[in-house]
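Chemist: Let me begin by handing over the structure; questions about it come next.
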Amino acid sequence: AAFAVPAASQDASTLAQKFGALESIRQLSMSPGGNYVSIVAPDKSGGQILYLADLSAPGLPKAIMRQGQLDQQLRWCEFATDTRLVCMVTLQVDEGGQTLNFSRLFSMATDGSDVKQLSARNGGRSLGRVFYGGGIIDWDLPGKPGKVLMTRVFLPQDTSGSNIRSKGEGLGVEEVDVTTLTRKLVEKPRPEASEYISDGHGNVRIMGITARDPD
């Protein structure tokens, strides 16, 4: 017969082992060619470590990046190509007692070098701030290796005294090269759009909308 032991009678280390232990792997991804696996794992310091495992060679996975800031979290990494990873980082900022949450996508080589922000940067004329850095809705564009379909939040622009033309506002879709960061608009931004879904072959097929009113 088994009997439950009251938590109060168990020492702190035992409770930590049972209930406070971090998962050994937060997320993993396999490269398109099947030769590599990326592993996001928690660090003892409270951050995260990104490992790369070469399945064709013996040995332990190699740490290629460490996220050590407690206000930032490395959520996931996925292979865009055999030599390029895309990762999401979330950030919390305290402004006057209010916690603001941001997300951004980054691209990097599989050795941890050449880190670039994949989420679009907004110019100084943008009215507002972007909290959601976009998401990838299609990783495999036929005949376009290294390019993905990615959602983007467009902000209204202050165009007074300028020849700059605003691209609109709301959620849109761009085709983005994960290495060069070149961007091409695929679906114009719409204020009511909340989601886009691709058919997995480079074509946006579905748009989700959220009804809006003056209130």
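Chain lettering (A, B, ...) mirrors the order of the structure tokens, residue numbering begins at 1 for each chain separately, and ligand numbering begins at 1 in order of display.
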Could you pull the residues within 8 Å of region 144-156 of chain A, counting only C-alpha atoms, minus those fewer than 6 positions along the same chain, as a PyMOL selection string?

Modeler: chain A and resi 80-81+84+119-120+122+126-130+132-138+166-179+189+196+202

Chemist: Please provide as an MDAnalysis selection string all residues within 8 Å of Ala211 (chain A), with the sequence filter that same-chain residues fewer than 2 positions apart are discarded (counting only C-alpha atoms).

Modeler: chainID A and resid 192 209 213

Chemist: Would you compute the distance between CA of Ser56 (chain A) and CA of Thr83 (chain A)? Give it in Å to one decimal.

Modeler: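 Value for the CA of Ser56 (chain A)-CA of Thr83 (chain A) distance: 14.8 Å.
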
Chemist: Going by DSSP on the backbone, which residues of region 59-125 of chain A come out as strand (DSSP E or B)? List them as an MDAnalysis selection string.

Modeler: chainID A and resid 62:67 72:81 84:95 98:109 116:117

Chemist: Enter the distance from CA of Ser45 (chain A) to CA of Ala57 (chain A), in Å, rounded to one decimal.

Modeler: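 Here the two named atoms are 29.3 Å from each other.
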
Chemist: For Lys62 (chain A), work out the shell of residues within 10 Å, counting only C-alpha atoms and skipping chain neighbours fewer than 4 positions away, then give it as a count of residues only.

Modeler: 9

Chemist: Could you state the separation of CA of Ile25 (chain A) and CA of Val40 (chain A) in Å, given to one decimal place?

Modeler: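 Between CA of Ile25 (chain A) and CA of Val40 (chain A) the gap is 6.1 Å.
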
Chemist: Where does DSSP see alpha helix (DSSP H) in chain A, if you list the residues as number ranges by chain?

Modeler: A: 12-15

Chemist: Excluding Glu195 (chain A) and residues on its chain fewer than 2 positions from it, collect all residues at most 6 Å away from it, counting only C-alpha atoms, and give them as a PyMOL selection string.

Modeler: chain A and resi 193+207-208

Chemist: When distances are computed from only C-alpha atoms, which of A:Ser29, A:Thr99, A:Gln117, A:Ser194 shows the smallest separation from Cys77 (chain A)?

Modeler: A:Ser29
